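Visitor: Attaching a single structure in structure tokens format; questions to follow.
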Amino acid sequence: MNSHNENKLRVSVFGAGYVGLVTAACLAERGHHVTAVDKHQDVIAMLSDGVIHIYEPGLQELISSNLDAGRLRFTDDAAEALTGADIVFICVGTPTKRDGSPDLSQVEEVARTIAVTCTHRVLVVEKSTVPVKTASWIKRTFNLFSSEPDLYEIASNPEFLREGSALSDFMHPDRIVIGVESEWAEQKLRQLYADIEATVLVTDVKTAEIIKHASNSFLAMKISFINMIADLCDKTGADISLVATGMGLDKRIGESFLNAGLGYGGSCFPKDVNAFINIAERHGVDFSLLSETARINDHRIDVILEKIYNALWVAKDKTIAILGLAFKPDTDDIRHAPSISLIERLLGEEARLHLYDPKAATRVAALYPESPSVKYFETPYQALTGAHLVVVVTEWQEIVTLDLDRSRKLMATPVMVDGRNVFDPTTVRLAGFQYYGMGTSDEPE
Ligand code: UDX
């Protein structure tokens, strides 16, 4: 652990959600003195006792140890959090409105709070994903609500954390993007990240704001692209895994984010793609490439349902085991998880569902409580018992390492639809299953 020294800064983090908590805990671990503030008193009370309300590997321990070391504290009092702060991070939510544009009311509220509360020079940093030119709006809010708006300077420092590996992404990033308006702001942020080894890219604020949306949208586009190739492989008998390997070996393309399957979910990609489409529209730029990216992703659920119906003919009164409910492994997050649309559609067909997820089952049960049609299980094997078909939705370790012999014996009819292409088709077929992947060509005649 790092001991306090004069190079360490006093940091306030507004928003104790996913991004805010990871930012607060990691900066405290790097020796800075961090106060995280959130208006939800119940959340703050739990956090102050070291109990966190989200699942992220290692985060609970990091928060507890930094609370104990006195480098991290939580409060619902903005004035207390701002006292003496060198840097204020805005990490509040930016959910999507009905028209696809981001709802920035929480960002505006933080800007207003700073304007009426903070009486010393401070660097205000956007970390939430915000549309380009949000910094200008924050500045206008300072001008409107503060008698000394020049005290505050604004910067953009987007986060690129992935759920499930957020701590290591924070500590070992590919790059740190710093969008600033002055040398002073640049030096402050360089000082903040001095202990983290990474390429630092310094830009103006608008450029940094765009880098975040552009990066996430590009990755989402890569996924939709490979999913279309998967559909083509399905129709032609080619093998998507090898196509992706063949493409990825070209360094200009790169091997990551070429896993075909059920498409992207989570709290970022779907939201950011829609926001970027909206931003482009508002600036008169035709970004229909991204509208197609989103449309292709939405259609993935129809692709997998077609495979399920192709295997079962009729889903009514069949038992279908869904393995994995979280939008990806190592998280309990079910926002935009394909499992939810799948459950909804299969219940519409009057199928009986056996659901399993090591972390996310409670969240799904809040939406779909236990009933004669919906049952939750503690292990994948219990979920497979009596099932006519298994759909692999999330590639948790305990799912990709299933004992196939044992699984086959437990199932009523051994049929697997592999929504993430994590199993080797030949191995699964040799184990006695009918196997359907996403772009691996269907069961041979
Ligand atoms: C993403 C970005 O990676 C991160 O930089 C940003 O800060 C937040 O959004 P996250 O949503 O946590 O992170 O998950 P990520 O691992 O990027 O996966 C996003 C979605 O894409 C998941 O649903 C995943 O299953 C899907 N995916 C990913 C694919 O379908 N295929 C791939 O090849 C990769």
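Chain labels run A, B, ... following the order of the structure tokens; each chain numbers its residues from 1, and ligands are numbered from 1 in the order shown.
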Show me which residues are within 7 Å of ligand 1 counting only C-alpha atoms and all ligand atoms, and format the list as a tab-separated table (two decimals) with N, CA, C and O atoms, in the first residue's frame.

Guide:
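That gives us pocket.tsv:
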```
chain	number	residue	atom	x	y	z
A	159	GLU	N	-13.41	6.99	-19.11
A	159	GLU	CA	-13.00	5.69	-18.58
A	159	GLU	C	-13.25	4.63	-19.64
A	159	GLU	O	-14.19	4.74	-20.42
A	160	PHE	N	-12.41	3.61	-19.62
A	160	PHE	CA	-12.56	2.51	-20.58
A	160	PHE	C	-12.67	1.18	-19.84
A	160	PHE	O	-12.20	0.15	-20.32
A	161	LEU	N	-13.25	1.22	-18.63
A	161	LEU	CA	-13.30	0.02	-17.81
A	161	LEU	C	-14.29	-0.99	-18.36
A	161	LEU	O	-15.37	-0.63	-18.80
A	162	ARG	N	-13.90	-2.25	-18.27
A	162	ARG	CA	-14.84	-3.32	-18.61
A	162	ARG	C	-15.33	-3.94	-17.32
A	162	ARG	O	-14.52	-4.19	-16.41
A	163	GLU	N	-16.61	-4.22	-17.24
A	163	GLU	CA	-17.12	-4.89	-16.06
A	163	GLU	C	-16.46	-6.26	-15.97
A	163	GLU	O	-16.24	-6.92	-16.98
A	164	GLY	N	-16.14	-6.66	-14.77
A	164	GLY	CA	-15.52	-7.96	-14.57
A	164	GLY	C	-14.01	-7.86	-14.50
A	164	GLY	O	-13.35	-8.71	-13.90
A	216	ASN	N	-16.17	3.06	-28.09
A	216	ASN	CA	-17.20	2.06	-27.80
A	216	ASN	C	-18.03	1.74	-29.04
A	216	ASN	O	-18.37	0.58	-29.27
A	220	ALA	N	-18.46	-1.93	-30.84
A	220	ALA	CA	-19.80	-2.48	-31.08
A	220	ALA	C	-19.95	-2.82	-32.56
A	220	ALA	O	-20.49	-3.88	-32.93
A	223	ILE	N	-18.32	-6.04	-33.44
A	223	ILE	CA	-19.12	-7.20	-33.02
A	223	ILE	C	-20.26	-7.44	-34.02
A	223	ILE	O	-20.50	-8.57	-34.45
A	256	SER	N	-9.21	-9.16	-31.17
A	256	SER	CA	-10.21	-8.99	-30.12
A	256	SER	C	-11.52	-8.45	-30.67
A	256	SER	O	-11.56	-7.82	-31.74
A	257	PHE	N	-12.57	-8.74	-29.93
A	257	PHE	CA	-13.92	-8.31	-30.28
A	257	PHE	C	-14.38	-8.86	-31.62
A	257	PHE	O	-15.11	-8.22	-32.38
A	258	LEU	N	-13.95	-10.08	-31.89
A	258	LEU	CA	-14.44	-10.79	-33.08
A	258	LEU	C	-15.14	-12.08	-32.68
A	258	LEU	O	-15.18	-13.03	-33.46
A	259	ASN	N	-15.66	-12.14	-31.45
A	259	ASN	CA	-16.41	-13.34	-31.04
A	259	ASN	C	-17.86	-13.16	-31.44
A	259	ASN	O	-18.57	-12.31	-30.91
A	260	ALA	N	-18.28	-14.01	-32.39
A	260	ALA	CA	-19.67	-13.93	-32.85
A	260	ALA	C	-20.57	-14.58	-31.82
A	260	ALA	O	-20.14	-15.40	-31.02
A	261	GLY	N	-21.83	-14.22	-31.86
A	261	GLY	CA	-22.78	-14.84	-30.93
A	261	GLY	C	-24.03	-14.02	-30.78
A	261	GLY	O	-24.60	-13.54	-31.76
A	262	LEU	N	-24.43	-13.86	-29.52
A	262	LEU	CA	-25.69	-13.19	-29.21
A	262	LEU	C	-25.60	-11.67	-29.27
A	262	LEU	O	-26.58	-10.98	-29.02
A	263	GLY	N	-24.38	-11.17	-29.50
A	263	GLY	CA	-24.25	-9.72	-29.64
A	263	GLY	C	-23.89	-9.04	-28.33
A	263	GLY	O	-23.70	-9.68	-27.31
A	264	TYR	N	-23.81	-7.70	-28.40
A	264	TYR	CA	-23.37	-6.96	-27.22
A	264	TYR	C	-24.54	-6.52	-26.35
A	264	TYR	O	-25.61	-6.22	-26.85
A	265	GLY	N	-24.29	-6.53	-25.04
A	265	GLY	CA	-25.27	-6.01	-24.09
A	265	GLY	C	-24.54	-5.14	-23.09
A	265	GLY	O	-23.49	-4.58	-23.40
A	266	GLY	N	-25.10	-5.03	-21.90
A	266	GLY	CA	-24.43	-4.27	-20.85
A	266	GLY	C	-24.89	-2.83	-20.78
A	266	GLY	O	-25.77	-2.39	-21.52
A	267	SER	N	-24.21	-2.10	-19.92
A	267	SER	CA	-24.65	-0.73	-19.64
A	267	SER	C	-24.01	0.27	-20.60
A	267	SER	O	-24.41	1.43	-20.63
A	268	CYS	N	-23.02	-0.16	-21.38
A	268	CYS	CA	-22.30	0.83	-22.20
A	268	CYS	C	-22.60	0.77	-23.68
A	268	CYS	O	-23.09	1.74	-24.26
A	269	PHE	N	-22.28	-0.35	-24.32
A	269	PHE	CA	-22.35	-0.38	-25.79
A	269	PHE	C	-23.73	0.02	-26.33
A	269	PHE	O	-23.81	0.91	-27.19
A	327	PHE	N	-25.03	-10.17	-18.66
A	327	PHE	CA	-24.74	-9.82	-20.06
A	327	PHE	C	-23.39	-10.32	-20.51
A	327	PHE	O	-23.13	-10.46	-21.70
A	328	LYS	N	-22.51	-10.62	-19.53
A	328	LYS	CA	-21.23	-11.27	-19.83
A	328	LYS	C	-20.73	-11.90	-18.54
A	328	LYS	O	-21.31	-11.64	-17.47
```

Visitor: Which stretch 41-145 of chain A residues have any atom within 7 Å of an atom of stretch 270-278 of chain A, and for each, what is the nearest pair of atoms with distance in Å to one decimal, counting only C-alpha atoms, rows sorted by chain and number, as CSV?

Guide:
```
residue,atom,partner,partner_atom,distance
A:Thr96,CA,A:Lys271,CA,6.3
A:Gly100,CA,A:Asn274,CA,5.5
A:Ser101,CA,A:Ala275,CA,5.2
A:Pro102,CA,A:Ala275,CA,6.0
```

Visitor: Please dump the current selection as a short mmCIF file (atom, residue, chain, number, x, y, z; two decimals), in the first residue's frame; keep all heavy atoms.

Guide:
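Generated file (part23.cif):
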```
data_model
loop_
_atom_site.label_atom_id
_atom_site.label_comp_id
_atom_site.auth_asym_id
_atom_site.auth_seq_id
_atom_site.Cartn_x
_atom_site.Cartn_y
_atom_site.Cartn_z
N THR A 96 -30.27 6.62 -21.03
CA THR A 96 -30.81 7.01 -22.34
C THR A 96 -32.26 7.47 -22.22
O THR A 96 -33.06 6.81 -21.55
CB THR A 96 -30.74 5.81 -23.30
OG1 THR A 96 -29.42 5.30 -23.26
CG2 THR A 96 -31.08 6.20 -24.72
N GLY A 100 -33.38 8.34 -27.54
CA GLY A 100 -32.02 7.83 -27.76
C GLY A 100 -30.95 8.79 -27.26
O GLY A 100 -29.78 8.42 -27.14
N SER A 101 -31.34 10.01 -26.92
CA SER A 101 -30.32 10.96 -26.45
C SER A 101 -30.04 10.71 -24.97
O SER A 101 -30.89 10.19 -24.24
CB SER A 101 -30.81 12.39 -26.66
OG SER A 101 -31.90 12.64 -25.79
N PRO A 102 -28.82 11.04 -24.52
CA PRO A 102 -28.51 10.80 -23.11
C PRO A 102 -29.17 11.83 -22.19
O PRO A 102 -29.24 13.01 -22.53
CB PRO A 102 -26.98 10.92 -23.06
CG PRO A 102 -26.57 11.55 -24.33
CD PRO A 102 -27.70 11.55 -25.30
#
```

Visitor: Which residues come within 10 Å of A:Met416, counting only C-alpha atoms, excluding same-chain residues fewer than 2 positions away, as a list of chain:residue names?

Guide: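 Near A:Met416, the qualifying residues are A:Lys307, A:Ile308, A:Ala311, A:Ile320, A:Ala321, A:His388, A:Leu389, A:Val390, A:Val391, A:Val392, A:Arg408, A:Thr413, A:Pro414, A:Asp418, A:Gly419, A:Phe423, A:Pro425, A:Val428, A:Arg429, A:Phe433, A:Gln434, A:Tyr435, A:Tyr436, A:Gly437.
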
Visitor: Quick check, in Å to one decimal: how far apart do atom CA of A:Ser217 and atom CA of A:Ile399 lie?

Guide: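 Pair atom CA of A:Ser217 / atom CA of A:Ile399 returns 28.9 Å.
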
Visitor: Can you work out which one of A:Arg112, A:His283, A:His33, A:Lys251 has the shortest atom-to-atom distance to A:Val132, counting only C-alpha atoms?

Guide: A:His283
